[in-house]
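File shown here: upload.csv, holding CSV, C-alpha atoms.
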```csv
chain,number,residue,atom,x,y,z
A,28,MET,CA,-4.2,-4.4,27.5
A,29,LEU,CA,-1.5,-2.9,25.3
A,30,ASP,CA,-2.5,-1.2,22.1
A,31,LEU,CA,-0.2,-2.5,19.4
A,32,LEU,CA,-0.7,0.5,17.2
A,33,CYS,CA,0.1,3.1,19.9
A,34,LEU,CA,3.4,1.7,20.9
A,35,VAL,CA,6.7,3.2,19.9
A,36,PRO,CA,9.9,1.2,19.9
A,37,ASP,CA,11.1,2.2,23.3
A,38,GLN,CA,7.7,1.1,24.7
A,39,ALA,CA,7.6,-2.1,22.8
A,40,THR,CA,10.9,-3.2,24.3
A,41,ALA,CA,10.4,-1.6,27.7
A,42,SER,CA,9.3,-3.5,30.8
A,43,PRO,CA,5.5,-3.6,31.2
A,44,HIS,CA,5.4,-1.0,33.9
A,45,GLN,CA,7.3,1.4,31.7
A,46,ARG,CA,4.7,1.2,28.9
A,47,SER,CA,1.8,3.5,28.4
A,48,VAL,CA,-1.1,3.3,26.0
A,49,GLY,CA,-1.8,5.9,23.4
A,50,ALA,CA,1.7,7.5,23.3
A,51,LYS,CA,2.9,9.0,20.0
A,52,ALA,CA,6.5,9.2,19.1
A,53,LYS,CA,8.1,12.6,20.0
A,54,GLY,CA,8.0,15.0,17.1
A,55,ASP,CA,5.1,13.2,15.3
A,56,GLU,CA,2.8,15.5,13.4
A,57,ALA,CA,-0.9,14.9,12.9
A,58,ASN,CA,-1.9,13.5,9.5
A,59,PRO,CA,-4.5,15.2,7.4
A,60,PRO,CA,-8.0,13.8,8.2
A,61,ASP,CA,-8.2,12.2,4.8
A,62,ILE,CA,-5.2,10.0,5.5
A,63,PRO,CA,-5.4,6.8,7.6
A,64,GLU,CA,-3.0,6.6,10.5
A,65,PRO,CA,0.2,4.8,9.7
A,66,HIS,CA,1.1,1.6,11.5
A,67,THR,CA,3.0,3.0,14.5
A,68,LEU,CA,5.7,0.3,14.6
A,69,PHE,CA,6.4,0.6,10.9
A,70,GLU,CA,6.4,4.4,11.2
A,71,SER,CA,8.8,4.3,14.1
A,72,ALA,CA,11.0,1.8,12.4
A,73,TRP,CA,11.2,4.0,9.3
A,74,LYS,CA,12.6,6.8,11.4
A,75,LYS,CA,15.6,4.6,12.3
A,76,VAL,CA,16.4,3.6,8.7
A,77,ASN,CA,19.8,4.7,7.4
A,78,LYS,CA,18.8,6.9,4.5
A,79,ASN,CA,22.2,7.3,2.9
A,80,LEU,CA,21.5,6.9,-0.8
A,81,GLN,CA,25.0,5.4,-1.3
A,82,ARG,CA,23.4,2.3,0.2
A,83,ARG,CA,21.2,2.1,-2.9
A,84,LYS,CA,21.3,-1.2,-4.9
A,85,SER,CA,20.2,0.2,-8.2
A,86,GLY,CA,18.8,-1.8,-11.1
A,87,PHE,CA,17.2,-4.7,-9.1
A,88,VAL,CA,13.8,-3.4,-8.2
A,89,ASN,CA,12.0,-0.7,-10.2
A,90,PRO,CA,11.4,2.2,-7.8
A,91,GLY,CA,8.2,3.3,-9.4
A,92,TYR,CA,4.9,3.0,-7.6
A,93,ARG,CA,2.8,0.0,-8.4
A,94,PHE,CA,-0.3,2.0,-7.4
A,95,PRO,CA,-0.9,5.7,-7.0
A,96,LYS,CA,0.6,7.3,-3.8
A,97,PRO,CA,-2.4,8.2,-1.6
A,98,LEU,CA,-0.9,11.6,-0.9
A,99,LEU,CA,-1.5,12.5,-4.6
A,100,PHE,CA,-5.2,12.6,-3.8
A,101,VAL,CA,-4.9,14.6,-0.6
A,102,GLY,CA,-2.9,17.3,-2.3
A,103,VAL,CA,-5.7,18.1,-4.7
A,104,GLY,CA,-7.4,21.3,-3.5
A,105,VAL,CA,-10.2,21.7,-6.0
A,106,PRO,CA,-13.2,19.4,-5.1
A,107,GLU,CA,-14.1,18.6,-8.8
A,108,ARG,CA,-10.5,17.8,-9.6
A,109,LYS,CA,-10.3,15.5,-6.6
A,110,LYS,CA,-13.4,13.8,-7.8
A,111,THR,CA,-11.7,13.3,-11.1
A,112,TYR,CA,-8.8,11.7,-9.4
A,113,PHE,CA,-11.0,9.2,-7.5
A,114,LEU,CA,-13.1,8.5,-10.5
A,115,ASN,CA,-10.2,7.7,-12.7
A,116,TRP,CA,-8.6,5.5,-10.2
A,117,LEU,CA,-11.7,3.5,-9.3
A,118,SER,CA,-12.4,3.1,-13.0
A,119,VAL,CA,-9.1,1.3,-13.7
A,120,ARG,CA,-8.5,-0.2,-10.3
A,121,SER,CA,-9.7,-3.7,-11.0
A,122,LEU,CA,-8.1,-4.0,-14.4
A,123,TRP,CA,-4.8,-2.6,-13.1
A,124,ILE,CA,-4.6,-4.9,-10.2
A,125,ASP,CA,-5.2,-7.8,-12.5
A,126,GLN,CA,-2.4,-6.6,-14.8
A,127,VAL,CA,0.0,-6.1,-12.0
A,128,ASP,CA,-0.8,-9.6,-10.8
A,129,ARG,CA,-0.6,-11.4,-14.1
A,130,HIS,CA,1.5,-9.3,-16.5
A,131,PRO,CA,3.4,-6.7,-14.5
A,132,PRO,CA,5.2,-4.1,-16.6
A,133,LEU,CA,8.9,-3.8,-16.5
A,134,LYS,CA,8.7,-0.4,-14.9
A,135,PHE,CA,6.1,1.4,-12.9
A,136,PRO,CA,4.9,5.0,-13.0
A,137,THR,CA,6.5,7.8,-11.0
A,138,PRO,CA,4.3,9.9,-8.8
A,139,GLN,CA,4.2,12.6,-11.5
A,140,MET,CA,3.1,10.0,-14.1
A,141,TRP,CA,0.3,8.8,-11.8
A,142,ARG,CA,-0.7,12.4,-11.2
A,143,ASP,CA,-1.0,13.0,-15.0
A,144,PHE,CA,-3.0,9.9,-15.3
A,145,LEU,CA,-5.4,10.6,-12.4
A,146,ASN,CA,-5.7,14.2,-13.7
A,147,THR,CA,-6.9,12.8,-17.1
A,148,ILE,CA,-5.1,13.1,-20.4
A,149,ASP,CA,-5.4,15.9,-22.9
A,150,THR,CA,-3.8,14.9,-26.1
A,151,SER,CA,-4.3,18.4,-27.6
A,152,LEU,CA,-1.2,19.5,-25.7
A,153,PRO,CA,1.8,20.1,-28.0
A,154,SER,CA,3.9,16.9,-27.9
A,155,SER,CA,7.0,18.9,-27.0
A,156,THR,CA,5.7,20.0,-23.6
A,157,ARG,CA,7.0,18.3,-20.5
A,158,SER,CA,3.5,17.4,-19.5
A,159,ALA,CA,2.7,15.8,-22.8
A,160,SER,CA,5.9,13.7,-22.6
A,161,SER,CA,5.0,12.6,-19.1
A,162,LYS,CA,1.5,11.6,-20.3
A,163,LEU,CA,2.9,9.6,-23.2
A,164,ALA,CA,5.3,7.9,-20.8
A,165,VAL,CA,2.5,6.8,-18.5
A,166,LEU,CA,0.4,5.6,-21.4
A,167,ASP,CA,3.4,3.5,-22.4
A,168,ILE,CA,3.6,1.9,-18.9
A,169,LEU,CA,-0.1,1.4,-18.3
A,170,GLY,CA,-0.8,0.2,-21.8
A,171,GLU,CA,-3.3,1.3,-24.3
A,172,SER,CA,-5.5,-1.7,-23.7
A,173,ILE,CA,-6.0,-0.8,-20.1
A,174,VAL,CA,-6.8,2.8,-20.8
A,175,GLN,CA,-9.2,1.9,-23.6
A,176,ALA,CA,-10.9,-0.7,-21.4
A,177,ALA,CA,-11.2,1.8,-18.6
A,178,ALA,CA,-12.7,4.3,-21.0
A,179,LYS,CA,-15.2,1.8,-22.1
A,180,GLY,CA,-16.0,0.9,-18.5
A,181,LEU,CA,-16.5,4.6,-17.8
A,182,ALA,CA,-18.9,5.0,-20.7
A,183,GLU,CA,-21.0,2.1,-19.5
A,184,ALA,CA,-21.0,3.0,-15.9
A,185,ARG,CA,-21.1,6.7,-15.7
A,186,GLU,CA,-23.5,6.8,-12.8
A,187,GLU,CA,-22.3,4.0,-10.5
A,188,ILE,CA,-19.1,2.3,-9.7
A,189,VAL,CA,-18.9,-0.8,-7.5
A,190,TRP,CA,-15.9,-0.7,-5.2
A,191,ARG,CA,-15.4,-3.7,-2.8
A,192,GLY,CA,-19.0,-4.6,-3.0
A,193,ARG,CA,-20.2,-1.0,-2.4
A,194,GLN,CA,-21.9,1.2,-4.9
A,195,VAL,CA,-20.4,4.6,-5.3
A,196,SER,CA,-22.2,7.2,-7.4
A,197,SER,CA,-19.9,8.8,-9.9
A,198,SER,CA,-22.2,11.7,-10.9
A,199,ILE,CA,-19.8,12.7,-13.5
A,200,SER,CA,-22.1,14.4,-16.0
A,201,ASP,CA,-20.7,17.8,-15.0
A,202,LEU,CA,-17.1,16.7,-15.4
A,203,PRO,CA,-14.8,17.3,-18.4
A,204,PHE,CA,-14.0,13.7,-18.4
A,205,CYS,CA,-11.5,12.8,-21.0
A,206,ILE,CA,-9.8,9.6,-20.1
A,207,ASN,CA,-10.8,8.2,-23.5
A,208,THR,CA,-8.7,10.8,-25.3
A,209,PHE,CA,-5.4,9.1,-24.7
B,28,MET,CA,-24.9,5.1,-1.7
B,29,SER,CA,-21.9,7.4,-1.5
B,30,SER,CA,-21.1,10.0,-4.1
B,31,LEU,CA,-17.7,11.1,-5.4
B,32,SER,CA,-19.1,14.6,-5.8
B,33,ASP,CA,-19.0,15.0,-2.1
B,34,PRO,CA,-17.3,11.8,-0.8
B,35,PRO,CA,-17.7,11.1,2.9
B,36,LEU,CA,-14.6,10.9,5.0
B,37,TRP,CA,-14.9,7.2,5.5
B,38,LEU,CA,-14.9,6.6,1.7
B,39,VAL,CA,-11.9,8.7,1.1
B,40,ARG,CA,-10.0,7.1,4.0
B,41,SER,CA,-11.0,3.6,2.9
B,42,ILE,CA,-9.9,4.2,-0.7
B,43,LEU,CA,-6.6,5.7,0.4
B,44,TRP,CA,-6.1,2.9,3.0
B,45,GLU,CA,-6.5,0.3,0.2
B,46,LEU,CA,-3.8,2.2,-1.9
B,47,TYR,CA,-1.4,2.1,1.0
B,48,GLU,CA,-2.1,-1.6,1.5
B,49,LEU,CA,-1.7,-2.4,-2.2
B,50,ASN,CA,1.6,-0.5,-2.5
B,51,PHE,CA,2.9,-2.2,0.6
B,52,ARG,CA,1.9,-5.7,-0.5
B,53,TYR,CA,3.3,-5.5,-4.0
B,54,GLU,CA,6.5,-3.8,-3.0
B,55,LEU,CA,7.1,-6.7,-0.5
B,56,TYR,CA,6.4,-9.1,-3.3
B,57,ALA,CA,8.7,-7.4,-5.7
B,58,LEU,CA,11.5,-7.3,-3.2
B,59,ASP,CA,11.1,-10.9,-2.2
B,60,HIS,CA,11.1,-12.0,-5.8
B,61,THR,CA,14.3,-10.1,-6.4
B,62,ILE,CA,16.2,-10.8,-3.2
B,63,VAL,CA,15.5,-14.6,-3.0
B,64,PRO,CA,14.8,-15.6,-6.6
B,65,GLU,CA,15.6,-19.2,-5.6
B,66,CYS,CA,12.3,-19.2,-3.6
B,67,TRP,CA,10.4,-18.4,-6.8
B,68,THR,CA,11.6,-21.2,-9.0
B,69,THR,CA,9.0,-23.4,-10.6
B,70,SER,CA,9.3,-26.0,-7.9
B,71,GLU,CA,9.1,-23.5,-5.0
B,72,VAL,CA,6.7,-20.9,-6.3
B,73,ARG,CA,3.6,-22.3,-4.8
B,74,THR,CA,5.1,-22.6,-1.3
B,75,ARG,CA,6.5,-19.1,-1.4
B,76,GLN,CA,3.3,-17.6,-2.7
B,77,THR,CA,1.3,-19.3,0.0
B,78,LEU,CA,3.7,-17.9,2.6
B,79,LEU,CA,3.5,-14.4,1.1
B,80,HIS,CA,-0.3,-14.4,1.0
B,81,SER,CA,-0.5,-15.7,4.6
B,82,ILE,CA,1.0,-12.4,5.8
B,83,PHE,CA,-2.3,-10.8,5.0
B,84,PRO,CA,-5.8,-11.5,6.0
B,85,GLY,CA,-8.6,-12.3,3.6
B,86,GLY,CA,-7.2,-15.2,1.6
B,87,SER,CA,-7.9,-13.8,-1.8
B,88,GLY,CA,-4.4,-12.8,-2.8
B,89,LEU,CA,-2.4,-9.6,-2.7
B,90,GLY,CA,-4.9,-7.7,-4.8
B,91,MET,CA,-7.9,-8.1,-2.4
B,92,GLN,CA,-10.1,-8.1,-5.6
B,93,SER,CA,-13.0,-10.2,-4.2
B,94,GLU,CA,-12.8,-8.9,-0.6
B,95,PRO,CA,-15.3,-6.5,1.0
B,96,LEU,CA,-14.0,-3.9,3.3
B,97,PRO,CA,-13.0,-5.2,6.7
B,98,GLN,CA,-15.8,-5.4,9.2
B,99,GLU,CA,-14.0,-6.5,12.4
B,100,PRO,CA,-10.6,-5.7,13.9
B,101,CYS,CA,-9.8,-9.4,13.6
B,102,GLU,CA,-9.7,-8.9,9.8
B,103,LEU,CA,-6.9,-6.4,9.9
B,104,GLY,CA,-3.9,-8.8,10.2
B,105,MET,CA,-0.7,-7.1,11.3
B,106,CYS,CA,-2.6,-3.8,11.5
B,107,THR,CA,-4.9,-4.7,14.3
B,108,ARG,CA,-4.5,-3.2,17.8
B,109,SER,CA,-4.3,-6.6,19.5
B,110,MET,CA,-1.0,-8.5,19.5
B,111,GLU,CA,-2.9,-11.7,20.0
B,112,VAL,CA,-4.7,-11.2,16.7
B,113,ALA,CA,-1.7,-9.8,14.9
B,114,LEU,CA,0.9,-12.4,16.0
B,115,PRO,CA,0.2,-15.2,13.4
B,116,TYR,CA,0.6,-12.6,10.6
B,117,VAL,CA,3.7,-11.1,12.2
B,118,ASN,CA,5.2,-14.6,12.4
B,119,ASN,CA,4.5,-15.2,8.8
B,120,PHE,CA,6.1,-11.9,7.9
B,121,ARG,CA,9.1,-12.9,10.0
B,122,GLU,CA,9.3,-16.2,8.3
B,123,LEU,CA,9.4,-14.6,4.8
B,124,LEU,CA,12.0,-12.1,5.8
B,125,SER,CA,14.2,-14.7,7.5
B,126,ALA,CA,15.2,-16.1,4.1
B,127,TRP,CA,16.6,-12.7,3.0
B,128,PRO,CA,20.4,-12.3,3.2
B,129,GLY,CA,21.5,-10.4,6.3
B,130,ALA,CA,18.3,-11.1,8.2
B,131,PRO,CA,18.7,-10.8,12.0
B,132,SER,CA,19.0,-14.3,13.6
B,133,CYS,CA,16.1,-13.6,15.9
B,134,LEU,CA,13.8,-13.8,12.8
B,135,ARG,CA,14.5,-17.5,12.4
B,136,SER,CA,12.1,-18.5,15.1
B,137,SER,CA,8.5,-17.6,16.0
B,138,ALA,CA,7.5,-15.5,18.9
B,139,LYS,CA,4.8,-16.8,21.3
B,140,MET,CA,2.4,-14.9,23.6
B,141,ASP,CA,3.6,-15.3,27.1
B,142,GLY,CA,0.3,-14.2,28.7
B,143,GLN,CA,1.9,-11.2,30.4
B,144,SER,CA,4.0,-8.5,28.7
B,145,ASN,CA,4.5,-10.3,25.4
B,146,SER,CA,7.8,-8.4,25.1
B,147,LYS,CA,9.3,-11.0,22.8
B,148,CYS,CA,6.5,-10.5,20.4
B,149,TYR,CA,6.9,-6.8,20.2
B,150,GLU,CA,10.7,-7.0,19.9
B,151,LEU,CA,10.3,-9.5,17.0
B,152,PHE,CA,7.8,-7.4,15.3
B,153,LEU,CA,9.9,-4.3,15.6
B,154,THR,CA,13.0,-6.1,14.4
B,155,ALA,CA,11.1,-7.4,11.4
B,156,CYS,CA,9.8,-3.9,10.6
B,157,GLN,CA,13.3,-2.3,10.8
B,158,PHE,CA,15.0,-5.0,8.8
B,159,TYR,CA,12.3,-4.9,6.1
B,160,LEU,CA,12.3,-1.1,5.8
B,161,GLN,CA,16.1,-0.8,5.7
B,162,THR,CA,16.3,-3.5,3.0
B,163,ALA,CA,13.4,-2.0,1.0
B,164,PHE,CA,15.1,1.5,1.2
B,165,ASP,CA,18.4,0.0,0.0
B,166,PHE,CA,16.7,-1.5,-3.1
B,167,LEU,CA,14.1,1.2,-3.9
B,168,GLY,CA,16.2,4.3,-3.0
B,169,ARG,CA,13.1,5.9,-1.5
B,170,GLN,CA,10.7,5.5,1.3
B,171,PRO,CA,8.9,2.1,1.0
B,172,SER,CA,5.2,2.1,1.4
B,173,LEU,CA,4.1,1.6,5.0
B,174,PRO,CA,0.9,-0.2,6.0
B,175,HIS,CA,-1.8,2.1,7.4
B,176,VAL,CA,-4.6,1.4,9.8
B,177,PHE,CA,-8.1,0.9,8.5
B,178,SER,CA,-10.8,3.0,10.1
B,179,PHE,CA,-14.1,1.4,10.7
B,180,ILE,CA,-17.2,3.4,9.8
```

Would you mind writing the file's structure down as structure tokens?
Amino acid sequence: MLDLLCLVPDQATASPHQRSVGAKAKGDEANPPDIPEPHTLFESAWKKVNKNLQRRKSGFVNPGYRFPKPLLFVGVGVPERKKTYFLNWLSVRSLWIDQVDRHPPLKFPTPQMWRDFLNTIDTSLPSSTRSASSKLAVLDILGESIVQAAAKGLAEAREEIVWRGRQVSSSISDLPFCINTF
Amino acid sequence: MSSLSDPPLWLVRSILWELYELNFRYELYALDHTIVPECWTTSEVRTRQTLLHSIFPGGSGLGMQSEPLPQEPCELGMCTRSMEVALPYVNNFRELLSAWPGAPSCLRSSAKMDGQSNSKCYELFLTACQFYLQTAFDFLGRQPSLPHVFSFI
């Protein structure tokens, strides 16, 4: 039986005897182990997209990311920092999904804004720094009510977080957790 | 119970899988809302929303808020390894895209399993992917989010 996720376009449209199972597109690189495999047909189709930016139809769809890019998590080298990223995301996940569903903001955070949010906020930074400006921008997009609600949720559930019906221990007592300092 | 202090690989991959999925779903929604606003008028919104949601398994909406993690390959929709399982979701994806301006004419009709090579199904799926990603790039100006494959524990 053909494996839908192992096909590349030439195989998908080839005659049955030309197909093989488990092939990867030429030039593919292995993903880091943290990263789930991309859907092969989508990945192959992306390689054929005309990426000339002159095609861009600006101003119709905000290009920000509705949710954090997964690669932001993978790029964090320090384990404690990575834990902070996950903890911050899981703490606001449910509230943020609700907000995107019901009252989506006019614009969405850039990857750098998401990084600043996941990396926690430190308002002691001088307001003139680039980092502080970015953090204020993400606060403006996410909204103070979401951040405050998340901080409250964190305070009440510092030991356990329920994610998709599973309990995940946060064990954050050793972390300089400062999401509530927005 | 898993700990974020030393998260197991399955937990990391599952959380990241969900983020890929959320970004893909809500980008598709935003694009559809922008490209065919006439499908989201008060009188049409329920029909369009039902079609959008039918592209994905689970039945609890784009946010998957009340869904547990997938337990079986048949719960993976377009991201399963079996065309037989994926095809209903692929056809719903096709139907949604067929209303977009410039959609290839082959997206106007469903593909069916032929019991042998199922070439038409693969061609249709690939055409839908290419049309979606080109259109998404044109509107976003960056790489759209791609669906990724869930790894079972």

Using only C-alpha atoms, find each residue in chain B having at least one atom no more than 7 Å away from chain A; report its shortest atom-to-atom pair and that distance in Å (one decimal), rows by chain then rising number, as a Markdown table.
```
| residue | atom | partner | partner_atom | distance |
| --- | --- | --- | --- | --- |
| B:Met28 | CA | A:Val195 | CA | 5.8 |
| B:Ser29 | CA | A:Val195 | CA | 5.0 |
| B:Ser30 | CA | A:Ser196 | CA | 4.5 |
| B:Leu31 | CA | A:Ser197 | CA | 5.5 |
| B:Ser32 | CA | A:Lys110 | CA | 6.1 |
| B:Leu36 | CA | A:Asp61 | CA | 6.5 |
| B:Val39 | CA | A:Asp61 | CA | 6.3 |
| B:Arg40 | CA | A:Asp61 | CA | 5.5 |
| B:Leu43 | CA | A:Pro97 | CA | 5.3 |
| B:Trp44 | CA | A:Pro63 | CA | 6.1 |
| B:Leu46 | CA | A:Pro97 | CA | 6.2 |
| B:Tyr47 | CA | A:Pro97 | CA | 6.7 |
| B:Leu49 | CA | A:Phe94 | CA | 7.0 |
| B:Asn50 | CA | A:Phe94 | CA | 5.8 |
| B:Ala57 | CA | A:Val88 | CA | 6.9 |
| B:Leu58 | CA | A:Val88 | CA | 6.7 |
| B:Thr61 | CA | A:Phe87 | CA | 6.7 |
| B:Gly90 | CA | A:Ile124 | CA | 6.1 |
| B:Gln92 | CA | A:Ser121 | CA | 7.0 |
| B:Glu94 | CA | A:Arg191 | CA | 6.2 |
| B:Pro95 | CA | A:Arg191 | CA | 4.7 |
| B:Leu96 | CA | A:Arg191 | CA | 6.3 |
| B:Cys106 | CA | A:His66 | CA | 6.5 |
| B:Arg108 | CA | A:Leu31 | CA | 4.6 |
| B:Ser109 | CA | A:Leu31 | CA | 5.8 |
| B:Met110 | CA | A:Leu31 | CA | 6.1 |
| B:Ser144 | CA | A:Pro43 | CA | 5.7 |
| B:Ser146 | CA | A:Thr40 | CA | 6.1 |
| B:Tyr149 | CA | A:Ala39 | CA | 5.4 |
| B:Glu150 | CA | A:Thr40 | CA | 5.8 |
| B:Leu153 | CA | A:Leu68 | CA | 6.3 |
| B:Cys156 | CA | A:Phe69 | CA | 5.6 |
| B:Gln157 | CA | A:Ala72 | CA | 5.0 |
| B:Leu160 | CA | A:Trp73 | CA | 6.3 |
| B:Gln161 | CA | A:Val76 | CA | 5.3 |
| B:Asp165 | CA | A:Arg83 | CA | 4.5 |
| B:Phe166 | CA | A:Lys84 | CA | 4.9 |
| B:Leu167 | CA | A:Pro90 | CA | 4.8 |
| B:Gly168 | CA | A:Arg83 | CA | 5.5 |
| B:Leu173 | CA | A:Phe69 | CA | 6.4 |
| B:Pro174 | CA | A:His66 | CA | 5.8 |
| B:His175 | CA | A:Pro65 | CA | 4.1 |
| B:Val176 | CA | A:Glu64 | CA | 5.5 |
| B:Phe177 | CA | A:Pro63 | CA | 6.6 |
```

For CA of Gln143 (chain B) and CA of Arg121 (chain B), determine how far apart the two atoms are, in Å to one decimal place.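 Between CA of Gln143 (chain B) and CA of Arg121 (chain B) the gap is 21.7 Å.
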
How many Å separate CA of Val165 (chain A) from CA of Met140 (chain A)?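 Taking CA of Val165 (chain A) and CA of Met140 (chain A), their separation equals 5.5 Å.
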
List the neighbours of Val112 (chain B) out to 7 Å using all atoms listed in the file; skip same-chain residues closer than 4 positions along the sequence, and give me the result as JSON, numbers by chain. {"B": [101, 104, 107]}

Pick the closest to Trp141 (chain A) from A:Asn58, A:Gly104, A:Ile168, A:Ser118: which is it, counting all atoms listed in the file?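 Result for the nearest residue to Trp141 (chain A): A:Ile168.
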
In Å, how far is it from CA of Ala155 (chain B) to CA of Ile62 (chain B)?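 Answer for the CA of Ala155 (chain B) to CA of Ile62 (chain B) separation: 15.8 Å.
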
With distances taken over only C-alpha atoms, the candidate from B:Ile180, B:Ala138, B:Ala126, B:Cys148 nearest Val63 (chain B) is B:Ala126
